[in-house]
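Here is the structure we will look at.
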Amino acid sequence: MIKLQNVSKIYRTKTIETVALNNINLEIAEGEFLSVMGPSGCGKSTMLNIMGLIDEPSEGSISIGPNTIKDYNGKPIAKFRNENLGFIFQSFHLINDLSVIDNVELPLLYRSGINGKERRAMAEEALTKVGLKNRMKHFPGQLSGGQKQRVAIARAIVGKPSIILADEPTGNLDSVMGNEIMDILLDLNQNDKTTIIMVTHDETMARKTNRLVRLFDGSQVS
Amino acid sequence: MLKNYFTLAIKVLSRRKFFTFISLFGISFTLMILMLITAFFQTELGGQAPLGKKDQLVYLDYITTFKQFQDTIPEVDSTMIDGVMRYDTTGYRYEDSGRSISRGPGSIKFWNTHMMDIPFVKSRTIYMSRQSFDIFINSNKLTFSSTFTDGDFFNIYNFKFLAGAPFGNQQLDNQAQVVVLNKEACKSYFGISEGNFEEAIGKEVKLDRKNYEVVGVVDRVNNSFGFLKSDVFIPYTNAAPEVLNRERFNGSFSATFLAESANKTKKVKEELVKRSKVIPLPNPEQHDQLEYFPATLEERYAWTIMGMDKPEECYKYAIGALVFLLTLFFMLPTLNLINLNISRIMERSSEIGVRKAFGAHSGNILFQFVFENIILTFIGGVIGFILAYLLLNTINGSNFLNGTILSFNYQVFIYSFLICLGFGILSGFLPAWRMSRVHIVNAIKNNQL
Ligand SMILES: Nc1ncnc2c1ncn2[C@@H]1O[C@H](COP(=O)(O)OP(=O)(O)OP(=O)(O)O)[C@@H](O)[C@H]1O
Ligand SMILES: [Mg+2]
C-alpha cells in the first residue's frame with residue numbers, strides 16, 4: 001500500500017550535512033501493523049513524516065497505492081490526507097485555544113458532507129474510545145500528558161482513516177495506560193483493517209505488531 | 001465550520017488582549033476621525049440652506065488694484081580700445097522698483113458700473129458684512145452682526161424663512177428701512193419663543209438710532225460663512241453715505257455670482273477675468289491695473305483657510321493635503337494590522353501545520369485567518385461607529401464649533417468601513433498566504449503549541 005523507493009532525506013545547513021534517511025526501500029501492505037525502532041536521532045520521525053506525506057524526501061519516491069506522489073501542496077493531496085491519514089505526533093500538537101472536543105473534531109472540519117451534529121457525535125465516539133468523554137469541554141492546558149496523548153489519538157482516529165501514523169503513542173504513558181492505547185490500536189488494526197505504522201522504544205509493544213523495522217543512522221538494518 | 005472559526009477567533013482575540021486592543025484602537029480611531037472630517041465638510045459644503053445652489057456660485061471677495069513702478073537706470077559699457085578705456089553711457093536698463101497696491105472688497109460703484117451683465121451669469125448679489133450694532137434692551141447689551149445687501153441675495157442664497165419674506169430690489173432702491181432677522185437675534189431682541197416668529201413681523205428694530213421694520217425671520221445657518229450668519233440683513237442703501245458714494249474701486253462689498261448652471265461656473269470665471277482687463281481705472285496715475293481671482297464655493301473655502309492669493313491654487317493644495325492626510329489615516333490601521341498579523345500568524349505556525357496534516361488545504365488556512373481579521377475589523381467598526389457618534393454628539397452639545405451642528409453621514413461610514421475591511425482582509429491575507437505555503441513539517445516543528 002505504501003511504498004518507499006530509494007528514499008533519502010538530507011538536511012543541509014551552511015556547515016553540516018545531516019543524512020536523516022539513507023536510501024530506504026520499504027513496502028507496507030494494506031492492513032499491516034508495522035513498528036519502527038531505533039536509537040534517538042536515527043530518523044524514525046523523519047521516515048514516518050515522509051510516509052504520512054507531510055515531509056518531502058530529498059531523493060527517491062513514495063507511492064501510495066498505484067499513485068506516485070509528486071505534488072505535496074495541492075487540494076487533492078490535502079483531501080487524501082484528510083480521508084486516509086491519521087497522525088499521532090510525538091509531542092501531541094493539540095491546539096491550545098480549542099477545547100478537547102473541538103480538537104478532536106478538527107479533521108472532520110475539512111471533510112465535506114458532514115454537518116455539525118454528525119461531527120460532534122463522531123468526536124464523542126472517538127473520545128469514548130480513549131476514555132476521555134468526561135473531559136470534552138476541557139482545554140489542553142488542563143490535561144495531563146497522558147490525557148493529551150489520548151486526545152491526540154482520538155483526533156487521529158475520528159475520521160476513520162485507512163492509515164494511522166503514530167510517533168511513540170505510548171511514550172508518555174505508564175504501562176497500564178500504554179497497554180490500553182496499544183489495545184485500541186490493535187483493535188483498529190484487527191477489526192477496522194486500519195494500516196498502522198508506529199514508532200516505539202518499547203520492545204514489548206513492538207512485539208505485538210506484525211512486523212518490526214529497525215533504523216540505525218538513517219539506514220534500515222532489519 | 002464558520003461557527004467553529006468564529007469561536008476560535010473570539011478565543012484567540014480575547015487571549016491576545018494587547019494585539020486586539022491595538023488593532024481595534026487603530027480601526028475605530030480611524031473611522032471616528034474620518035467621520036468627524038466628513039461630518040464637518042458635509043456641514044460646511046454639503047449644500048444645506050442657504051447654500052442650496054452651491055454648485056452655481058462664483059465668488060469675488062477681493063479685488064486688487066495696483067501700479068508697477070519702473071526705475072530707469074543708466075548703463076555704463078566699458079571697452080578697451082587701443083589700450084585706452086572707453087565708456088559708453090548711452091544705454092539704459094529698466095527695472096521693477098516697486099508696486100503700489102490696494103487689495104480688499106470693492107465699492108458699490110465698482111460693482112454697479114463695471115461688473116454688471118457678465119455673460120453666463122443669471123444673477124448677482126453684493127454684500128458688506130463689517131458693521132455690528134450695539135443694542136441696549138432693559139440695560140442688557142446685545143451685539144448684532146449685520147450684512148448690508150441687495151434683494152438678489154435672497155434669490156441666490158435660499159434662506160429658510162420662519163416668518164415673513166425677504167426684502168426685494170424695489171425696497172433697496174427706495175432705501176426702505178426694513179430688516180431680515182435671524183432666529184436667534186429675533187428671540188433675544190423681542191423675547192419671542194420658538195415657533196412664534198410671526199409675531200415679530202411688522203415690529204421695529206432700532207439700529208444706530210434708525211428704526212427698521214422686520215419683514216422676515218430666517219432660520220439659523222449651520223456653516224461658518226460669516227456673511228450668511230449675520231443677525232440682521234439690511235438693504236445696503238441704508239449704509240453710511242461714505243460707503244454709498246465712494247468713487248474709488250476699493251470699498252467694502254464682496255460679490256457672489258449665480259451662474260446659469262453648474263457647468264457654467266468655469267465660463268463665468270473666465271468672463272470675469274476678461275472683464276478685469278478692460279475696465280478703466282478711475283485714477284491711473286495711482287493705480288492702473290485691476291486683478292482678481294474668482295472662485296467657486298470650494299475654492300473660496302480653501303482660500304479662507306490658507307490665505308494665499310489664488311483660490312484655485314489654495315484648493316489644489318487643500319485637496320492634496322487632504323488626500324495625504326486620509327492616506328496616512330488609512331495607513332495607520334493597515335500597517336498596524338499587517339505588522340501585528342505577521343507576528344500573530346507566525347506564532348500559530350504549528351497550528352497551521354497540524355491543520356494541514358489533517359487535511360486543510362492552503363485555501364482553508366487563508367480563509368480562517370482572513371475570517372479572523374474580518375471579525376476583528378467588524379468589532380473595530382462597531383466601536384468606531386459608537387465613538388464617532390458620541391464624539392459628534394459631544395461636539396454638537398458643547399457649542400464648540402460656534403453653533404455648527406455636525407451630522408452623521410451613514411454613507412461615508414459604510415464606505416470607510418468597507419475600506420477598513422478591505423485592508424483588514426489584505427493584512428490578514430498576506431501573512432496567512434505566506435504561512436499556508438510553508439512545508440507542513442517545518443510549520444509543525446516551529447513548535448509553539
Ligand atoms: N529540520 C532539521 N534540520 C536539520 N536536521 C534535522 C532536522 N530535522 C531532523 N534533523 C536531524 O535528522 C535526524 C533524524 O531526526 P528524527 O527526528 O527523524 O529522529 P528520531 O529517530 O525521530 O529521534 P527521536 O527518537 O529522538 O525522536 C536527527 O539527527 C536530527 O538532528
Ligand atoms: Mg522522533
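Every chain in the C-alpha cells has a letter given in the order shown (A, B, ...), and although residue numbers restart at 1 in each chain, ligands are simply numbered from 1 in the order shown.
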Compile the contact shell of range 72-88 of chain A as a PyMOL selection string: residues with an atom at most 9 Å away, counting only C-alpha atoms, same-chain residues fewer than 6 positions apart removed. (chain A and resi 52-56+107-108+110-111+149+152-153+155-169) or (chain B and resi 356-363+437+439)
Kindly save the residues from that selection, with N, CA and C atoms included, as an mmCIF file, in the first residue's frame.
data_model
loop_
_atom_site.group_PDB
_atom_site.id
_atom_site.type_symbol
_atom_site.label_atom_id
_atom_site.label_comp_id
_atom_site.auth_asym_id
_atom_site.auth_seq_id
_atom_site.Cartn_x
_atom_site.Cartn_y
_atom_site.Cartn_z
ATOM 1 N N GLY A 52 3.731 9.803 5.796
ATOM 2 C CA GLY A 52 2.450 10.494 6.017
ATOM 3 C C GLY A 52 2.263 11.685 5.102
ATOM 4 N N LEU A 53 3.186 11.844 4.168
ATOM 5 C CA LEU A 53 3.090 12.899 3.157
ATOM 6 C C LEU A 53 3.090 14.308 3.755
ATOM 7 N N ILE A 54 3.692 14.457 4.938
ATOM 8 C CA ILE A 54 3.825 15.823 5.441
ATOM 9 C C ILE A 54 5.270 16.287 5.362
ATOM 10 N N ASP A 55 6.137 15.464 4.813
ATOM 11 C CA ASP A 55 7.516 15.874 4.560
ATOM 12 C C ASP A 55 7.898 15.304 3.203
ATOM 13 N N GLU A 56 8.788 15.995 2.516
ATOM 14 C CA GLU A 56 9.178 15.515 1.192
ATOM 15 C C GLU A 56 10.553 14.881 1.254
ATOM 16 N N PRO A 107 -10.158 17.257 12.167
ATOM 17 C CA PRO A 107 -10.027 16.654 10.832
ATOM 18 C C PRO A 107 -11.346 16.631 10.070
ATOM 19 N N LEU A 108 -12.463 16.552 10.810
ATOM 20 C CA LEU A 108 -13.766 16.474 10.150
ATOM 21 C C LEU A 108 -14.188 17.807 9.552
ATOM 22 N N TYR A 110 -12.560 19.604 7.669
ATOM 23 C CA TYR A 110 -12.100 19.737 6.288
ATOM 24 C C TYR A 110 -12.670 18.646 5.393
ATOM 25 N N ARG A 111 -13.671 17.955 5.914
ATOM 26 C CA ARG A 111 -14.292 16.911 5.119
ATOM 27 C C ARG A 111 -15.678 17.388 4.719
ATOM 28 N N GLN A 149 -2.138 12.837 25.232
ATOM 29 C CA GLN A 149 -1.807 11.799 24.259
ATOM 30 C C GLN A 149 -3.077 11.106 23.761
ATOM 31 N N ALA A 152 -4.929 13.228 21.384
ATOM 32 C CA ALA A 152 -4.259 13.180 20.078
ATOM 33 C C ALA A 152 -4.654 11.906 19.329
ATOM 34 N N ILE A 153 -4.794 10.800 20.077
ATOM 35 C CA ILE A 153 -5.202 9.547 19.429
ATOM 36 C C ILE A 153 -6.645 9.643 18.934
ATOM 37 N N ARG A 155 -8.158 12.260 18.019
ATOM 38 C CA ARG A 155 -8.148 13.111 16.823
ATOM 39 C C ARG A 155 -7.688 12.303 15.599
ATOM 40 N N ALA A 156 -6.712 11.415 15.822
ATOM 41 C CA ALA A 156 -6.180 10.652 14.693
ATOM 42 C C ALA A 156 -7.186 9.626 14.176
ATOM 43 N N ILE A 157 -8.038 9.110 15.072
ATOM 44 C CA ILE A 157 -8.938 8.033 14.626
ATOM 45 C C ILE A 157 -10.340 8.513 14.288
ATOM 46 N N VAL A 158 -10.638 9.782 14.601
ATOM 47 C CA VAL A 158 -12.017 10.247 14.461
ATOM 48 C C VAL A 158 -12.524 10.146 13.024
ATOM 49 N N GLY A 159 -11.635 10.388 12.067
ATOM 50 C CA GLY A 159 -12.050 10.365 10.659
ATOM 51 C C GLY A 159 -11.989 8.984 10.030
ATOM 52 N N LYS A 160 -11.767 7.971 10.867
ATOM 53 C CA LYS A 160 -11.651 6.590 10.381
ATOM 54 C C LYS A 160 -10.714 6.477 9.173
ATOM 55 N N PRO A 161 -9.456 6.885 9.355
ATOM 56 C CA PRO A 161 -8.511 6.847 8.240
ATOM 57 C C PRO A 161 -8.069 5.413 7.957
ATOM 58 N N SER A 162 -7.581 5.176 6.750
ATOM 59 C CA SER A 162 -7.116 3.831 6.430
ATOM 60 C C SER A 162 -5.682 3.604 6.900
ATOM 61 N N ILE A 163 -4.963 4.701 7.194
ATOM 62 C CA ILE A 163 -3.592 4.567 7.685
ATOM 63 C C ILE A 163 -3.417 5.453 8.908
ATOM 64 N N ILE A 164 -2.870 4.877 9.974
ATOM 65 C CA ILE A 164 -2.549 5.693 11.143
ATOM 66 C C ILE A 164 -1.046 5.709 11.322
ATOM 67 N N LEU A 165 -0.494 6.932 11.485
ATOM 68 C CA LEU A 165 0.933 7.075 11.695
ATOM 69 C C LEU A 165 1.133 7.564 13.114
ATOM 70 N N ALA A 166 1.732 6.727 13.947
ATOM 71 C CA ALA A 166 1.823 7.063 15.365
ATOM 72 C C ALA A 166 3.287 7.164 15.776
ATOM 73 N N ASP A 167 3.654 8.345 16.265
ATOM 74 C CA ASP A 167 5.040 8.566 16.683
ATOM 75 C C ASP A 167 5.119 8.455 18.199
ATOM 76 N N GLU A 168 5.559 7.300 18.676
ATOM 77 C CA GLU A 168 5.638 6.997 20.098
ATOM 78 C C GLU A 168 4.343 7.304 20.843
ATOM 79 N N PRO A 169 3.267 6.653 20.478
ATOM 80 C CA PRO A 169 1.977 6.954 21.090
ATOM 81 C C PRO A 169 1.906 6.555 22.558
ATOM 82 N N LYS B 356 -3.011 21.396 8.441
ATOM 83 C CA LYS B 356 -2.723 20.877 7.103
ATOM 84 C C LYS B 356 -2.477 19.368 7.141
ATOM 85 N N ALA B 357 -1.815 18.902 8.183
ATOM 86 C CA ALA B 357 -1.564 17.472 8.286
ATOM 87 C C ALA B 357 -2.879 16.702 8.332
ATOM 88 N N PHE B 358 -3.910 17.334 8.896
ATOM 89 C CA PHE B 358 -5.205 16.661 8.974
ATOM 90 C C PHE B 358 -6.135 17.021 7.828
ATOM 91 N N GLY B 359 -5.564 17.611 6.785
ATOM 92 C CA GLY B 359 -6.346 17.737 5.562
ATOM 93 C C GLY B 359 -6.767 19.131 5.151
ATOM 94 N N ALA B 360 -6.345 20.187 5.895
ATOM 95 C CA ALA B 360 -6.677 21.526 5.435
ATOM 96 C C ALA B 360 -5.806 21.852 4.234
ATOM 97 N N HIS B 361 -6.387 22.464 3.196
ATOM 98 C CA HIS B 361 -5.532 22.942 2.110
ATOM 99 C C HIS B 361 -5.280 24.429 2.321
ATOM 100 N N SER B 362 -4.373 24.970 1.513
ATOM 101 C CA SER B 362 -3.964 26.367 1.723
ATOM 102 C C SER B 362 -5.160 27.308 1.776
ATOM 103 N N GLY B 363 -6.167 27.027 0.944
ATOM 104 C CA GLY B 363 -7.354 27.871 0.916
ATOM 105 C C GLY B 363 -8.071 27.903 2.261
ATOM 106 N N ARG B 437 1.896 28.300 2.781
ATOM 107 C CA ARG B 437 2.736 27.634 1.804
ATOM 108 C C ARG B 437 3.976 26.984 2.420
ATOM 109 N N HIS B 439 6.177 24.285 4.286
ATOM 110 C CA HIS B 439 6.073 22.831 4.377
ATOM 111 C C HIS B 439 5.486 22.430 5.719
#
Residues within 9 Å of Ala206 in chain A, only C-alpha atoms, excluding chain neighbours under 5 positions, as a PyMOL selection string: chain A and resi 34-37+198-201+211-212
Using only C-alpha atoms, find the residues of chain B whose closest atom to chain A is at most 10 Å away, then write them as a ChimeraX atom specification. /B:1-4,7-12,15,348,350-364,436-442,444-445,447-449
As a PyMOL selection string, please: every protein or nucleic acid residue near ligand 1 (cut-off 9 Å, counting only C-alpha atoms and all ligand atoms). (chain A and resi 9-13+16-21+37-49+90+167-168+199-201+215-218) or (chain B and resi 441-442+445)
Show which residues sit within 12 Å of range 304-310 of chain B, as a short mmCIF file (atom, residue, chain, number, x, y, z; two decimals) with all heavy atoms, in the first residue's frame. Count only C-alpha atoms, and ignore same-chain residues fewer than 2 positions away.
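The resulting around.cif:
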data_model
loop_
_atom_site.label_atom_id
_atom_site.label_comp_id
_atom_site.auth_asym_id
_atom_site.auth_seq_id
_atom_site.Cartn_x
_atom_site.Cartn_y
_atom_site.Cartn_z
N TYR B 59 -17.50 83.27 -6.55
CA TYR B 59 -17.23 84.31 -5.55
C TYR B 59 -16.17 85.28 -6.01
O TYR B 59 -15.19 84.89 -6.65
CB TYR B 59 -16.76 83.68 -4.25
CG TYR B 59 -17.88 83.04 -3.48
CD1 TYR B 59 -18.24 81.73 -3.72
CD2 TYR B 59 -18.59 83.78 -2.54
CE1 TYR B 59 -19.28 81.14 -3.02
CE2 TYR B 59 -19.64 83.21 -1.84
CZ TYR B 59 -19.98 81.90 -2.08
OH TYR B 59 -21.00 81.33 -1.40
N LEU B 60 -16.37 86.53 -5.67
CA LEU B 60 -15.33 87.53 -5.84
C LEU B 60 -15.28 88.32 -4.54
O LEU B 60 -16.07 89.23 -4.33
CB LEU B 60 -15.67 88.44 -7.04
CG LEU B 60 -14.52 88.89 -7.91
CD1 LEU B 60 -13.62 87.74 -8.28
CD2 LEU B 60 -15.06 89.54 -9.17
N ASP B 61 -14.41 87.90 -3.66
CA ASP B 61 -14.34 88.55 -2.35
C ASP B 61 -13.46 89.79 -2.39
O ASP B 61 -13.82 90.82 -1.83
CB ASP B 61 -13.78 87.58 -1.31
CG ASP B 61 -14.84 86.63 -0.82
OD1 ASP B 61 -15.06 85.61 -1.50
OD2 ASP B 61 -15.45 86.91 0.23
N TYR B 62 -12.32 89.63 -3.04
CA TYR B 62 -11.33 90.71 -3.03
C TYR B 62 -10.99 91.13 -4.44
O TYR B 62 -10.97 90.30 -5.34
CB TYR B 62 -10.02 90.21 -2.38
CG TYR B 62 -10.03 90.22 -0.87
CD1 TYR B 62 -11.20 90.48 -0.16
CD2 TYR B 62 -8.87 89.97 -0.17
CE1 TYR B 62 -11.20 90.47 1.21
CE2 TYR B 62 -8.85 89.96 1.21
CZ TYR B 62 -10.03 90.20 1.90
OH TYR B 62 -10.01 90.20 3.26
N ILE B 63 -10.73 92.42 -4.61
CA ILE B 63 -10.15 92.88 -5.87
C ILE B 63 -8.84 93.58 -5.54
O ILE B 63 -8.65 94.10 -4.43
CB ILE B 63 -11.09 93.83 -6.64
CG1 ILE B 63 -11.35 95.10 -5.82
CG2 ILE B 63 -12.39 93.13 -6.99
CD1 ILE B 63 -12.07 96.18 -6.62
N THR B 64 -7.93 93.58 -6.48
CA THR B 64 -6.64 94.22 -6.27
C THR B 64 -6.44 95.26 -7.36
O THR B 64 -6.63 94.98 -8.54
CB THR B 64 -5.51 93.19 -6.37
OG1 THR B 64 -5.79 92.14 -5.46
CG2 THR B 64 -4.16 93.80 -6.03
N ARG B 103 -5.73 96.18 -1.87
CA ARG B 103 -6.40 94.90 -2.00
C ARG B 103 -7.53 94.80 -0.99
O ARG B 103 -7.35 95.14 0.18
CB ARG B 103 -5.37 93.81 -1.73
CG ARG B 103 -5.81 92.43 -2.06
CD ARG B 103 -4.57 91.57 -2.24
NE ARG B 103 -4.96 90.19 -2.31
CZ ARG B 103 -5.14 89.43 -1.26
NH1 ARG B 103 -4.93 89.91 -0.06
NH2 ARG B 103 -5.53 88.18 -1.41
N GLY B 104 -8.68 94.35 -1.43
CA GLY B 104 -9.79 94.21 -0.49
C GLY B 104 -11.10 94.14 -1.25
O GLY B 104 -11.11 93.95 -2.47
N SER B 224 -19.96 77.99 8.58
CA SER B 224 -19.14 79.01 9.21
C SER B 224 -18.99 80.26 8.34
O SER B 224 -18.08 81.04 8.54
CB SER B 224 -17.75 78.42 9.50
OG SER B 224 -17.12 78.11 8.28
N PHE B 225 -19.87 80.43 7.35
CA PHE B 225 -19.75 81.58 6.46
C PHE B 225 -20.33 82.81 7.15
O PHE B 225 -21.55 82.95 7.25
CB PHE B 225 -20.50 81.32 5.15
CG PHE B 225 -19.89 80.26 4.30
CD1 PHE B 225 -19.75 78.97 4.77
CD2 PHE B 225 -19.42 80.56 3.03
CE1 PHE B 225 -19.18 77.99 3.99
CE2 PHE B 225 -18.85 79.58 2.25
CZ PHE B 225 -18.72 78.29 2.72
N GLY B 226 -19.43 83.73 7.56
CA GLY B 226 -19.82 84.87 8.37
C GLY B 226 -20.96 85.69 7.79
O GLY B 226 -21.92 86.00 8.49
N GLU B 291 -6.86 93.44 -10.82
CA GLU B 291 -6.68 92.00 -10.84
C GLU B 291 -7.54 91.36 -9.75
O GLU B 291 -7.69 91.92 -8.68
CB GLU B 291 -5.20 91.68 -10.58
CG GLU B 291 -4.85 90.22 -10.82
CD GLU B 291 -3.38 89.94 -10.49
OE1 GLU B 291 -2.91 90.37 -9.41
OE2 GLU B 291 -2.72 89.29 -11.30
N TYR B 292 -8.13 90.22 -10.08
CA TYR B 292 -8.83 89.46 -9.05
C TYR B 292 -8.94 88.00 -9.46
O TYR B 292 -8.69 87.65 -10.61
CB TYR B 292 -10.22 90.04 -8.77
CG TYR B 292 -11.04 90.34 -9.98
CD1 TYR B 292 -11.54 89.33 -10.79
CD2 TYR B 292 -11.33 91.67 -10.33
CE1 TYR B 292 -12.30 89.61 -11.89
CE2 TYR B 292 -12.09 91.96 -11.45
CZ TYR B 292 -12.58 90.92 -12.23
OH TYR B 292 -13.32 91.20 -13.34
N PHE B 293 -9.26 87.16 -8.50
CA PHE B 293 -9.30 85.71 -8.75
C PHE B 293 -10.66 85.15 -8.34
O PHE B 293 -10.89 84.89 -7.17
CB PHE B 293 -8.19 85.00 -7.98
CG PHE B 293 -6.83 85.54 -8.30
CD1 PHE B 293 -6.19 86.41 -7.43
CD2 PHE B 293 -6.20 85.16 -9.48
CE1 PHE B 293 -4.94 86.91 -7.74
CE2 PHE B 293 -4.95 85.66 -9.78
CZ PHE B 293 -4.31 86.53 -8.92
N PRO B 294 -11.56 85.00 -9.31
CA PRO B 294 -12.87 84.44 -8.97
C PRO B 294 -12.74 83.00 -8.49
O PRO B 294 -11.81 82.29 -8.88
CB PRO B 294 -13.65 84.48 -10.28
CG PRO B 294 -12.77 85.11 -11.29
CD PRO B 294 -11.40 85.22 -10.75
N ALA B 295 -13.67 82.59 -7.63
CA ALA B 295 -13.54 81.25 -7.02
C ALA B 295 -14.89 80.58 -6.88
O ALA B 295 -15.91 81.25 -6.68
CB ALA B 295 -12.90 81.37 -5.64
N THR B 296 -14.90 79.27 -6.99
CA THR B 296 -16.11 78.52 -6.66
C THR B 296 -16.21 78.42 -5.14
O THR B 296 -15.29 78.83 -4.42
CB THR B 296 -16.05 77.10 -7.23
OG1 THR B 296 -14.92 76.46 -6.66
CG2 THR B 296 -15.94 77.11 -8.74
N LEU B 297 -17.30 77.86 -4.67
CA LEU B 297 -17.51 77.76 -3.23
C LEU B 297 -16.36 77.02 -2.55
O LEU B 297 -15.82 77.48 -1.54
CB LEU B 297 -18.83 77.04 -2.95
CG LEU B 297 -19.18 76.88 -1.48
CD1 LEU B 297 -19.67 78.19 -0.89
CD2 LEU B 297 -20.24 75.81 -1.27
N GLU B 298 -15.98 75.87 -3.12
CA GLU B 298 -14.93 75.06 -2.51
C GLU B 298 -13.59 75.78 -2.55
O GLU B 298 -12.83 75.76 -1.59
CB GLU B 298 -14.80 73.70 -3.21
CG GLU B 298 -15.93 72.73 -2.93
CD GLU B 298 -17.13 72.95 -3.81
OE1 GLU B 298 -17.04 73.83 -4.72
OE2 GLU B 298 -18.17 72.29 -3.61
N GLU B 299 -13.33 76.43 -3.70
CA GLU B 299 -12.06 77.16 -3.82
C GLU B 299 -12.01 78.30 -2.82
O GLU B 299 -10.98 78.55 -2.19
CB GLU B 299 -11.91 77.70 -5.25
CG GLU B 299 -11.59 76.59 -6.25
CD GLU B 299 -11.84 77.00 -7.68
OE1 GLU B 299 -12.31 78.14 -7.91
OE2 GLU B 299 -11.58 76.18 -8.57
N ARG B 300 -13.13 78.98 -2.69
CA ARG B 300 -13.17 80.09 -1.74
C ARG B 300 -12.96 79.58 -0.32
O ARG B 300 -12.27 80.20 0.49
CB ARG B 300 -14.52 80.80 -1.82
CG ARG B 300 -14.66 81.92 -0.82
CD ARG B 300 -16.03 82.56 -0.88
NE ARG B 300 -16.12 83.68 0.04
CZ ARG B 300 -16.46 83.55 1.32
NH1 ARG B 300 -16.73 82.36 1.79
NH2 ARG B 300 -16.53 84.61 2.10
N TYR B 301 -13.53 78.40 -0.05
CA TYR B 301 -13.39 77.83 1.29
C TYR B 301 -11.92 77.56 1.60
O TYR B 301 -11.41 77.91 2.66
CB TYR B 301 -14.21 76.54 1.39
CG TYR B 301 -14.39 76.10 2.80
CD1 TYR B 301 -15.33 76.72 3.60
CD2 TYR B 301 -13.61 75.10 3.34
CE1 TYR B 301 -15.50 76.35 4.92
CE2 TYR B 301 -13.77 74.71 4.66
CZ TYR B 301 -14.71 75.34 5.44
OH TYR B 301 -14.86 74.97 6.74
N ALA B 302 -11.24 76.96 0.62
CA ALA B 302 -9.81 76.67 0.81
C ALA B 302 -9.03 77.97 0.97
O ALA B 302 -8.12 78.08 1.78
CB ALA B 302 -9.28 75.88 -0.38
N GLU B 312 -7.88 79.10 -6.60
CA GLU B 312 -7.76 77.82 -7.31
C GLU B 312 -6.56 77.04 -6.81
O GLU B 312 -6.62 75.82 -6.64
CB GLU B 312 -7.65 78.05 -8.82
CG GLU B 312 -8.97 78.44 -9.44
CD GLU B 312 -8.88 78.69 -10.94
OE1 GLU B 312 -7.85 78.35 -11.54
OE2 GLU B 312 -9.85 79.25 -11.49
N GLU B 313 -5.46 77.76 -6.57
CA GLU B 313 -4.26 77.09 -6.06
C GLU B 313 -4.49 76.59 -4.63
O GLU B 313 -4.10 75.49 -4.27
CB GLU B 313 -3.07 78.04 -6.07
CG GLU B 313 -2.38 78.05 -7.41
CD GLU B 313 -1.21 79.02 -7.44
OE1 GLU B 313 -0.71 79.39 -6.35
OE2 GLU B 313 -0.81 79.39 -8.56
N CYS B 314 -5.13 77.45 -3.85
CA CYS B 314 -5.43 77.06 -2.47
C CYS B 314 -6.19 75.75 -2.46
O CYS B 314 -5.92 74.85 -1.68
CB CYS B 314 -6.30 78.11 -1.79
SG CYS B 314 -5.45 79.63 -1.43
N TYR B 315 -7.16 75.66 -3.40
CA TYR B 315 -8.00 74.48 -3.45
C TYR B 315 -7.18 73.24 -3.78
O TYR B 315 -7.30 72.19 -3.15
CB TYR B 315 -9.10 74.70 -4.49
CG TYR B 315 -10.08 73.57 -4.59
CD1 TYR B 315 -10.91 73.25 -3.53
CD2 TYR B 315 -10.17 72.81 -5.75
CE1 TYR B 315 -11.81 72.21 -3.61
CE2 TYR B 315 -11.07 71.78 -5.85
CZ TYR B 315 -11.89 71.48 -4.77
OH TYR B 315 -12.77 70.45 -4.86
N LYS B 316 -6.28 73.40 -4.77
CA LYS B 316 -5.44 72.26 -5.15
C LYS B 316 -4.59 71.80 -3.97
O LYS B 316 -4.50 70.61 -3.67
CB LYS B 316 -4.53 72.65 -6.32
CG LYS B 316 -5.20 72.43 -7.66
CD LYS B 316 -4.27 72.82 -8.79
CE LYS B 316 -5.07 73.23 -10.02
NZ LYS B 316 -4.34 74.19 -10.85
N TYR B 317 -3.97 72.76 -3.29
CA TYR B 317 -3.14 72.41 -2.14
C TYR B 317 -3.97 71.73 -1.06
O TYR B 317 -3.55 70.75 -0.45
CB TYR B 317 -2.45 73.64 -1.56
CG TYR B 317 -1.27 74.11 -2.38
CD1 TYR B 317 -1.19 75.42 -2.83
CD2 TYR B 317 -0.23 73.23 -2.70
CE1 TYR B 317 -0.11 75.85 -3.59
CE2 TYR B 317 0.84 73.65 -3.46
CZ TYR B 317 0.90 74.97 -3.91
OH TYR B 317 1.95 75.38 -4.65
N ALA B 318 -5.15 72.30 -0.83
CA ALA B 318 -6.00 71.76 0.23
C ALA B 318 -6.40 70.32 -0.08
O ALA B 318 -6.35 69.45 0.79
CB ALA B 318 -7.25 72.64 0.40
N ILE B 319 -6.77 70.09 -1.35
CA ILE B 319 -7.16 68.72 -1.74
C ILE B 319 -5.97 67.78 -1.57
O ILE B 319 -6.09 66.69 -1.02
CB ILE B 319 -7.67 68.70 -3.20
CG1 ILE B 319 -9.02 69.39 -3.29
CG2 ILE B 319 -7.76 67.27 -3.73
CD1 ILE B 319 -10.15 68.65 -2.62
N ALA B 321 -3.43 68.11 0.44
CA ALA B 321 -3.17 67.88 1.86
C ALA B 321 -4.18 66.90 2.44
O ALA B 321 -3.85 66.01 3.23
CB ALA B 321 -3.23 69.21 2.62
#
Secondary structure check, helix (DSSP H, G or I) residues of range 39-216 of chain A, as a PyMOL selection string: chain A and resi 44-51+75-84+100-109+116-129+133-135+140-142+145-157+175-191+203-207
Exercise: Met346 in chain B partners within 9 Å, only C-alpha atoms, chain neighbours under 6 positions left out, as a PyMOL selection string: chain B and resi 431-432+435+446
Could you check which of A:Arg207, A:Val213, A:Gly171, A:Asn191 is closest to ligand 2, using only C-alpha atoms and all ligand atoms? A:Gly171
